[in-house]
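Structure file query-v3.cif (mmCIF, C-alpha atoms) follows.
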data_protein
loop_
_atom_site.label_atom_id
_atom_site.label_comp_id
_atom_site.auth_asym_id
_atom_site.auth_seq_id
_atom_site.Cartn_x
_atom_site.Cartn_y
_atom_site.Cartn_z
CA MET V 968 99.42 6.93 -107.98
CA SER V 969 99.33 10.29 -106.24
CA ASP V 970 101.70 12.93 -107.50
CA ILE V 971 104.79 13.98 -105.58
CA PHE V 972 106.65 17.25 -105.21
CA ILE V 973 110.40 17.45 -104.79
CA THR V 974 112.82 20.15 -103.73
CA ARG V 975 116.56 20.53 -103.56
CA ALA V 976 118.14 19.92 -100.15
CA PRO V 977 119.84 22.84 -98.39
CA LYS V 978 123.60 23.11 -97.80
CA LEU V 979 124.42 21.99 -101.32
CA ALA V 980 126.50 23.76 -103.93
CA ALA V 981 125.61 23.16 -107.56
CA ARG V 982 127.01 24.36 -110.87
CA LYS V 983 125.96 23.46 -114.40
CA VAL V 984 129.03 22.42 -116.34
CA GLY V 985 128.79 21.49 -120.01
CA GLY V 986 125.06 20.74 -119.69
CA GLU V 987 125.53 18.51 -116.64
CA MET V 988 124.79 19.53 -113.07
CA VAL V 989 127.66 19.06 -110.64
CA ILE V 990 126.41 18.98 -107.04
CA LEU V 991 128.55 19.11 -103.95
CA ASN V 992 127.30 18.22 -100.51
CA ALA V 993 129.43 20.56 -98.42
CA GLU V 994 128.74 18.62 -95.24
CA ASP V 995 130.46 15.42 -96.32
CA SER V 996 132.18 16.61 -99.55
CA SER V 997 130.34 14.00 -101.64
CA LEU V 998 130.03 14.93 -105.32
CA TYR V 999 127.30 14.06 -107.82
CA VAL V 1000 127.28 14.64 -111.57
CA LEU V 1001 123.82 14.46 -113.20
CA ASN V 1002 123.25 13.69 -116.86
CA GLY V 1003 120.96 15.81 -119.03
CA VAL V 1004 117.69 14.28 -117.80
CA GLY V 1005 118.85 14.29 -114.20
CA THR V 1006 119.83 17.92 -114.60
CA ALA V 1007 116.36 18.73 -115.95
CA ILE V 1008 114.74 17.08 -112.92
CA TRP V 1009 117.10 18.88 -110.56
CA GLU V 1010 116.38 22.26 -112.13
CA ALA V 1011 112.63 21.67 -111.97
CA ALA V 1012 112.70 20.51 -108.33
CA ASP V 1013 111.24 23.71 -106.90
CA GLY V 1014 108.82 22.11 -104.44
CA ARG V 1015 105.82 23.42 -106.42
CA THR V 1016 105.97 21.57 -109.74
CA PRO V 1017 104.45 18.07 -109.54
CA LEU V 1018 106.63 15.22 -110.74
CA THR V 1019 104.14 14.33 -113.49
CA ALA V 1020 104.55 17.82 -114.94
CA ILE V 1021 108.35 17.50 -114.76
CA VAL V 1022 108.15 14.17 -116.58
CA ASP V 1023 105.81 15.64 -119.22
CA SER V 1024 108.37 18.34 -119.88
CA ILE V 1025 111.18 15.76 -120.16
CA CYS V 1026 109.13 13.63 -122.59
CA THR V 1027 108.61 16.67 -124.80
CA GLU V 1028 112.29 17.52 -124.81
CA TYR V 1029 113.81 14.03 -125.05
CA ASP V 1030 111.16 12.09 -127.01
CA VAL V 1031 110.92 9.18 -124.54
CA ASP V 1032 108.08 6.90 -123.50
CA ARG V 1033 106.15 8.60 -120.69
CA GLU V 1034 105.59 5.51 -118.56
CA ALA V 1035 109.27 4.53 -118.70
CA ALA V 1036 110.33 8.12 -118.08
CA LEU V 1037 108.11 8.34 -114.97
CA ARG V 1038 109.49 5.07 -113.63
CA ASP V 1039 113.11 6.16 -114.25
CA ALA V 1040 112.44 9.55 -112.67
CA GLN V 1041 110.96 7.93 -109.55
CA GLU V 1042 114.02 5.68 -109.21
CA PHE V 1043 116.36 8.60 -109.77
CA ILE V 1044 114.57 10.73 -107.19
CA ALA V 1045 114.49 7.92 -104.63
CA ASP V 1046 118.26 7.55 -105.10
CA LEU V 1047 118.97 11.25 -104.61
CA VAL V 1048 116.55 11.46 -101.67
CA GLY V 1049 118.50 8.57 -100.13
CA HIS V 1050 121.71 10.56 -100.55
CA GLY V 1051 120.17 13.67 -99.02
CA VAL V 1052 120.39 15.65 -102.25
CA LEU V 1053 116.65 15.90 -103.01
CA ARG V 1054 113.71 15.97 -100.63
CA GLU V 1055 110.09 15.04 -101.08
CA VAL V 1056 107.81 17.87 -100.03
CA PRO V 1057 104.95 16.68 -97.77
CA LEU V 1058 101.57 17.47 -99.24
CA MET S 1269 169.22 31.35 -74.69
CA PRO S 1270 170.38 30.17 -78.13
CA ALA S 1271 170.04 32.54 -81.07
CA ALA S 1272 167.04 31.99 -83.33
CA SER S 1273 167.57 30.79 -86.89
CA ARG S 1274 165.35 32.15 -89.67
CA VAL S 1275 164.57 30.03 -92.68
CA VAL S 1276 162.52 31.86 -95.34
CA VAL S 1277 160.62 29.48 -97.63
CA ASP S 1278 158.96 30.98 -100.70
CA VAL S 1279 156.30 28.86 -102.40
CA GLY S 1280 153.95 30.49 -104.89
CA ASP S 1281 155.44 33.94 -104.25
CA VAL S 1282 154.38 33.72 -100.59
CA PRO S 1283 157.53 33.91 -98.43
CA VAL S 1284 157.07 32.34 -95.00
CA VAL S 1285 159.59 32.78 -92.17
CA LEU S 1286 160.23 29.69 -90.10
CA GLN S 1287 161.99 30.76 -86.92
CA THR S 1288 163.43 28.38 -84.35
CA THR S 1289 166.14 28.26 -81.72
CA ASP S 1290 166.66 24.59 -82.53
CA ALA S 1291 169.73 24.62 -84.81
CA PRO S 1292 169.40 20.97 -85.96
CA LEU S 1293 165.79 21.60 -87.05
CA ALA S 1294 166.84 24.78 -88.90
CA ALA S 1295 169.49 22.74 -90.74
CA LEU S 1296 166.87 20.09 -91.63
CA LEU S 1297 164.52 22.76 -92.99
CA GLU S 1298 167.24 24.44 -95.02
CA ARG S 1299 168.07 21.11 -96.62
CA ARG S 1300 164.45 20.12 -97.32
CA PHE S 1301 163.43 23.47 -98.79
CA ARG S 1302 166.83 24.28 -100.33
CA ARG S 1303 165.54 25.36 -103.75
CA PHE S 1304 162.80 27.51 -102.24
CA LEU S 1305 164.87 29.55 -99.77
CA LYS S 1306 164.59 33.30 -100.22
CA PRO S 1307 166.35 34.90 -97.21
CA SER S 1308 165.95 38.49 -98.46
CA ALA S 1309 162.22 38.29 -99.24
CA THR S 1310 159.71 40.36 -97.29
CA PRO S 1311 157.81 37.71 -95.35
CA ALA S 1312 154.07 37.28 -95.75
CA PHE S 1313 153.85 35.24 -92.56
CA GLN S 1314 156.07 34.07 -89.73
CA PHE S 1315 155.90 30.85 -87.74
CA ASP S 1316 157.81 30.44 -84.48
CA ILE S 1317 158.71 26.80 -84.01
CA THR S 1318 159.31 25.05 -80.69
CA VAL S 1319 160.76 21.57 -80.76
CA VAL S 1320 159.23 19.20 -78.23
CA PRO S 1321 159.98 15.55 -77.40
CA ALA S 1322 158.24 12.93 -79.53
CA SER S 1323 156.59 11.56 -76.37
CA SER S 1324 154.57 14.80 -75.96
CA HIS S 1325 152.49 14.05 -79.07
CA ASN S 1326 150.26 11.18 -80.10
CA GLY S 1327 152.14 10.02 -83.19
CA ASP S 1328 149.12 8.28 -84.73
CA ALA S 1329 146.62 11.13 -84.52
CA ASP S 1330 145.05 12.24 -87.82
CA ILE S 1331 145.19 15.79 -89.05
CA GLU S 1332 142.63 18.26 -87.71
CA VAL S 1333 142.12 21.80 -89.01
CA HIS S 1334 139.52 24.20 -87.70
CA ALA S 1335 138.99 27.92 -87.22
CA GLU S 1336 138.53 29.46 -83.79
CA ASN S 1337 138.00 33.20 -83.31
CA GLY S 1338 139.73 34.07 -86.57
CA ARG S 1339 142.67 31.82 -85.83
CA TRP S 1340 143.34 28.45 -87.42
CA ARG S 1341 144.22 25.48 -85.24
CA LEU S 1342 146.17 22.69 -86.92
CA GLN S 1343 146.95 19.41 -85.26
CA ARG S 1344 148.42 16.05 -86.18
CA GLY S 1345 150.32 13.30 -84.42
CA ASP S 1346 153.68 15.05 -84.74
CA PHE S 1347 152.68 18.70 -84.31
CA SER S 1348 150.19 21.23 -83.06
CA ALA S 1349 150.04 24.71 -84.52
CA SER S 1350 148.00 27.87 -84.59
CA TRP S 1351 147.96 30.55 -87.24
CA ASP S 1352 146.45 34.03 -87.17
CA PRO S 1353 146.27 35.21 -90.82
CA ASP S 1354 145.41 38.79 -89.82
CA ALA S 1355 148.40 39.05 -87.49
CA ARG S 1356 150.49 37.22 -90.11
CA HIS S 1357 151.89 35.07 -87.35
CA GLY S 1358 151.72 31.50 -86.16
CA TRP S 1359 153.26 29.01 -83.75
CA ILE S 1360 154.23 25.38 -84.23
CA ARG S 1361 155.07 22.85 -81.52
CA GLN S 1362 156.56 19.83 -83.18
CA THR S 1363 159.03 17.02 -83.02
CA ARG S 1364 162.40 17.55 -84.72
CA SER S 1365 161.37 16.59 -88.23
CA PRO S 1366 160.87 18.57 -91.45
CA TYR S 1367 157.59 16.79 -92.18
CA ALA S 1368 155.57 18.77 -89.64
CA VAL S 1369 156.54 22.09 -91.25
CA ASP S 1370 155.91 20.57 -94.67
CA SER S 1371 152.34 19.74 -93.59
CA VAL S 1372 151.76 23.13 -91.96
CA LEU S 1373 152.90 24.87 -95.16
CA ARG S 1374 150.57 22.71 -97.28
CA ILE S 1375 147.63 23.59 -95.05
CA VAL S 1376 148.47 27.29 -94.93
CA HIS S 1377 148.81 27.49 -98.72
CA THR S 1378 145.59 25.52 -99.18
CA LEU S 1379 143.71 28.02 -97.03
CA LEU S 1380 145.33 31.02 -98.73
CA LEU S 1381 144.65 29.69 -102.22
CA SER S 1382 141.03 28.90 -101.42
CA LYS S 1383 140.41 32.65 -101.19
CA GLU S 1384 142.15 33.30 -104.50
CA ARG S 1385 140.33 30.75 -106.68
CA GLY S 1386 143.44 28.59 -106.57
CA PHE S 1387 144.32 25.21 -105.11
CA LEU S 1388 146.94 22.63 -104.26
CA LEU S 1389 146.35 19.59 -106.42
CA HIS S 1390 147.45 16.02 -105.85
CA ALA S 1391 149.25 16.05 -109.18
CA SER S 1392 152.70 16.28 -110.66
CA SER S 1393 153.44 19.18 -112.97
CA ALA S 1394 156.10 20.28 -115.40
CA VAL S 1395 156.90 23.13 -117.74
CA ARG S 1396 157.47 22.67 -121.46
CA ASN S 1397 157.86 25.48 -123.99
CA GLY S 1398 156.81 28.04 -121.38
CA ARG S 1399 153.56 26.30 -120.37
CA ALA S 1400 152.80 24.18 -117.33
CA PHE S 1401 151.04 20.83 -117.58
CA LEU S 1402 149.39 19.08 -114.64
CA PHE S 1403 149.19 15.29 -114.25
CA ALA S 1404 146.53 14.18 -111.80
CA GLY S 1405 145.53 10.80 -110.54
CA PRO S 1406 145.47 8.63 -107.45
CA SER S 1407 148.56 7.03 -105.97
CA GLY S 1408 150.06 4.58 -108.43
CA SER S 1409 148.60 6.25 -111.52
CA GLY S 1410 151.99 7.42 -112.77
CA LYS S 1411 152.35 11.00 -111.53
CA THR S 1412 155.99 10.50 -110.62
CA THR S 1413 156.74 8.23 -113.58
CA ILE S 1414 155.57 10.71 -116.18
CA VAL S 1415 157.74 13.57 -114.93
CA ARG S 1416 160.67 11.22 -114.40
CA SER S 1417 160.43 10.12 -118.03
CA ALA S 1418 160.29 13.70 -119.33
CA PRO S 1419 162.76 14.77 -122.01
CA ALA S 1420 165.57 17.17 -121.19
CA ASP S 1421 163.71 20.34 -122.22
CA VAL S 1422 161.05 19.75 -119.53
CA VAL S 1423 161.40 21.35 -116.08
CA VAL S 1424 159.66 19.52 -113.25
CA LEU S 1425 157.61 21.71 -110.89
CA THR S 1426 156.68 18.85 -108.56
CA ASP S 1427 156.13 15.11 -108.62
CA GLU S 1428 153.42 15.22 -105.95
CA ILE S 1429 151.61 18.47 -105.11
CA SER S 1430 150.91 21.10 -107.75
CA TYR S 1431 150.31 24.73 -106.89
CA VAL S 1432 147.76 26.61 -109.04
CA ARG S 1433 146.68 30.22 -108.67
CA ALA S 1434 144.12 32.20 -110.69
CA THR S 1435 145.50 35.46 -112.04
CA PRO S 1436 143.91 38.11 -114.28
CA ASP S 1437 145.83 36.54 -117.18
CA GLY S 1438 144.74 32.97 -116.45
CA TYR S 1439 145.88 30.12 -114.26
CA VAL S 1440 149.54 29.90 -113.24
CA ALA S 1441 151.31 26.85 -111.82
CA PHE S 1442 154.22 27.23 -109.41
CA GLY S 1443 156.90 24.77 -108.43
CA THR S 1444 156.64 23.28 -104.95
CA PRO S 1445 159.02 21.63 -102.49
CA PHE S 1446 156.30 19.11 -101.60
CA ALA S 1447 157.89 15.91 -102.88
CA GLY S 1448 156.41 12.48 -103.38
CA GLU S 1449 158.02 9.10 -103.89
CA TRP S 1450 160.78 10.60 -106.03
CA ALA S 1451 161.88 12.53 -102.92
CA GLU S 1452 163.13 15.24 -105.27
CA VAL S 1453 161.78 18.75 -104.83
CA GLY S 1454 160.56 20.70 -107.84
CA GLU S 1455 162.03 23.81 -109.37
CA PRO S 1456 160.93 27.23 -108.04
CA LEU S 1457 159.47 28.38 -111.35
CA ALA S 1458 156.04 29.59 -112.48
CA ALA S 1459 154.29 29.22 -115.84
CA PRO S 1460 150.78 29.61 -117.26
CA VAL S 1461 148.80 26.37 -117.14
CA GLY S 1462 148.52 24.80 -120.59
CA GLY S 1463 146.53 21.69 -119.72
CA LEU S 1464 145.41 19.12 -117.20
CA PHE S 1465 145.93 15.41 -117.83
CA ARG S 1466 144.17 12.63 -115.94
CA LEU S 1467 146.56 9.69 -116.00
CA ALA S 1468 145.85 6.06 -116.75
CA TRP S 1469 148.25 3.24 -117.48
CA ALA S 1470 147.99 1.62 -120.92
CA ALA S 1471 150.01 -0.47 -123.36
CA ASP S 1472 150.37 2.49 -125.67
CA ASN S 1473 150.08 6.26 -125.53
CA SER S 1474 146.90 8.15 -126.38
CA ARG S 1475 144.97 11.19 -125.27
CA GLU S 1476 141.35 12.18 -125.52
CA PRO S 1477 139.53 15.28 -124.28
CA LEU S 1478 137.80 15.16 -120.91
CA ASP S 1479 134.32 16.66 -120.75
CA PRO S 1480 134.00 19.56 -118.29
CA ALA S 1481 131.97 17.62 -115.71
CA THR S 1482 134.56 14.83 -115.62
CA THR S 1483 137.27 17.46 -115.32
CA VAL S 1484 135.47 18.94 -112.31
CA ARG S 1485 135.13 15.48 -110.79
CA THR S 1486 138.85 14.85 -111.33
CA LEU S 1487 139.75 18.16 -109.72
CA MET S 1488 137.44 17.69 -106.73
CA ARG S 1489 138.94 14.26 -106.08
CA ASN S 1490 142.48 15.60 -106.14
CA ILE S 1491 142.36 19.10 -104.66
CA LEU S 1492 143.91 19.15 -101.20
CA PHE S 1493 141.58 20.46 -98.59
CA PHE S 1494 141.88 19.99 -94.87
CA ALA S 1495 139.42 22.35 -93.22
CA ASN S 1496 135.95 21.20 -92.23
CA ASP S 1497 134.35 24.41 -93.43
CA PRO S 1498 131.22 24.19 -95.64
CA SER S 1499 131.59 27.71 -97.07
CA LEU S 1500 135.16 27.02 -98.20
CA THR S 1501 134.10 23.65 -99.59
CA LYS S 1502 131.38 25.33 -101.68
CA ARG S 1503 133.91 27.83 -102.95
CA LEU S 1504 136.09 24.91 -104.05
CA LEU S 1505 133.36 23.73 -106.40
CA ASP S 1506 133.26 27.16 -108.05
CA THR S 1507 137.04 27.10 -108.32
CA ALA S 1508 137.02 23.67 -109.95
CA CYS S 1509 134.22 24.64 -112.37
CA ASP S 1510 135.99 27.86 -113.37
CA PHE S 1511 139.24 25.99 -113.96
CA ALA S 1512 137.45 23.29 -116.01
CA ALA S 1513 135.89 25.98 -118.20
CA ALA S 1514 139.20 27.72 -118.82
CA VAL S 1515 141.84 24.98 -119.14
CA PRO S 1516 141.85 22.12 -121.65
CA ALA S 1517 141.79 18.71 -119.98
CA PHE S 1518 142.53 15.25 -121.30
CA ARG S 1519 142.59 11.63 -120.33
CA LEU S 1520 146.17 10.54 -120.96
CA ALA S 1521 146.72 6.80 -121.35
CA PHE S 1522 150.42 6.15 -121.32
CA ALA S 1523 153.15 3.57 -121.35
CA PRO S 1524 156.09 4.57 -119.17
CA ASP S 1525 158.47 5.93 -121.76
CA GLU S 1526 159.47 9.29 -123.17
CA ARG S 1527 157.26 9.03 -126.30
CA VAL S 1528 154.22 10.03 -124.28
CA TRP S 1529 155.64 13.53 -124.23
CA ASP S 1530 154.83 13.79 -127.95
CA LEU S 1531 151.21 14.15 -126.76
CA ILE S 1532 151.97 16.82 -124.17
CA GLN S 1533 152.26 20.08 -126.04
#
I'd like the structure from this file rewritten - as structure tokens, please.
Amino acid sequence: MSDIFITRAPKLAARKVGGEMVILNAEDSSLYVLNGVGTAIWEAADGRTPLTAIVDSICTEYDVDREAALRDAQEFIADLVGHGVLREVPL
Amino acid sequence: MPAASRVVVDVGDVPVVLQTTDAPLAALLERRFRRFLKPSATPAFQFDITVVPASSHNGDADIEVHAENGRWRLQRGDFSASWDPDARHGWIRQTRSPYAVDSVLRIVHTLLLSKERGFLLHASSAVRNGRAFLFAGPSGSGKTTIVRSAPADVVVLTDEISYVRATPDGYVAFGTPFAGEWAEVGEPLAAPVGGLFRLAWAADNSREPLDPATTVRTLMRNILFFANDPSLTKRLLDTACDFAAAVPAFRLAFAPDERVWDLIQ
């Protein structure tokens, strides 16, 4: 599978609260609270770091199986892309 | 031309003059805001009110709030209003009912508080031992019940809409005249905020701490905000996060009796 790059969507407000990222979409006032792993993905979503590198970093920090972590991350990203919170960066 | 009546309503230490030549409306306003009248206060703002027939408004229209050249336009089925914060002046055209003014005041205070890291919260609140406690939750979660069941040493600030302002010494809650199903206005007092409780019905009483992210989520669901303004909405998130970091918050499961107040200290 080819790698993907993700970035945070514009027009969002985000604050880290107690280790969890709280994200507000100011356009429709929808609110998202990310857990620790989700927060790590969000913080690494700079449009330049490939997803595989983000997952490697998560595996190091959280001691999880890499294949499962990659699958979960892809699902998580697809969900947030669907909600307009993350964007895939075209290669 | 009939003489104008002035009704000065002070909520959160912000006195607002409501001026109208319609004597019956002035009497309605004096009755509705009776505990919050402060005739001698220096007004922060003045609204001139014109009463119009009910047929001149679309009674079913939803509320709309937007800014236009530095002036706010407010509109709902029973009123239309404009407010120029810099000129400290506004106008309301409404039917003869206290509810239109009630809504205009809620919106005005919401906009004012948004610049002061404060908010109106869909929550009841009450003062005990010099500290204010907020009880948030959706309709039917017990906001009115919990303040109704309070022991005699508790002073109710509101059963519906709480008023919170950030000050250099911390968050302060003020009483409001914005009543809910109890139809009883709060007391015009202020006290430092001692805690936020998210209500849930249960067979018995218990409380457990809320984590900060859940506290933020609870606040964002219950803060009143009417304006479709992304920059103000973003500021609200900062306000909620700051409040969650500073004020202890709990999930309060309660049975509707006075014993629950043993957990509210």
For this session: Would you list the contacts of segment 1339-1353 of chain S as a ChimeraX atom specification, taking every protein, DNA or RNA residue within 12 Å and counting only C-alpha atoms, but skipping same-chain residues closer than 3 positions in sequence?
Result: /S:1284,1312-1336,1356-1377,1379-1380,1494-1497
For this session: Kindly resolve the PyMOL selection byres ((chain V and resi 1014) around 10) on the present coordinates and return the residues as a count of residues only.
Result: 16
For this session: May I have the residues within 9 Å of Pro1270 of chain S as a ChimeraX atom specification, using all atoms listed in the file and disregarding those fewer than 2 positions away in the same chain?
Result: /S:1272,1289-1291
Exercise. Given the choices S:Ser1273, S:Thr1486, S:Gly1443, S:Thr1413, which gets closest to Leu1296 of chain S if the distance is worked out from all atoms listed in the file?
Worked result: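 Nearest candidate to Leu1296 of chain S out of S:Ser1273, S:Thr1486, S:Gly1443, S:Thr1413: S:Ser1273.
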For this session: Translate the PyMOL selection byres ((chain S) within 10 of (chain V)), as applied to the file shown, into an explicit residue set as a PyMOL selection string.
Result: chain S and resi 1479-1485+1488-1489+1496-1506+1509-1510+1512-1513
Exercise. Which one of V:Val1004, V:Asp1032, V:Ala976, V:Cys1026 sits closest to Gly1049 of chain V if you count all atoms listed in the file?
Worked result: V:Ala976
Problem set entry | d(atom CA of Ala1517 of chain S, atom CA of Asn1490 of chain S) in Å |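 For atom CA of Ala1517 of chain S relative to atom CA of Asn1490 of chain S, the distance reads 14.2 Å.
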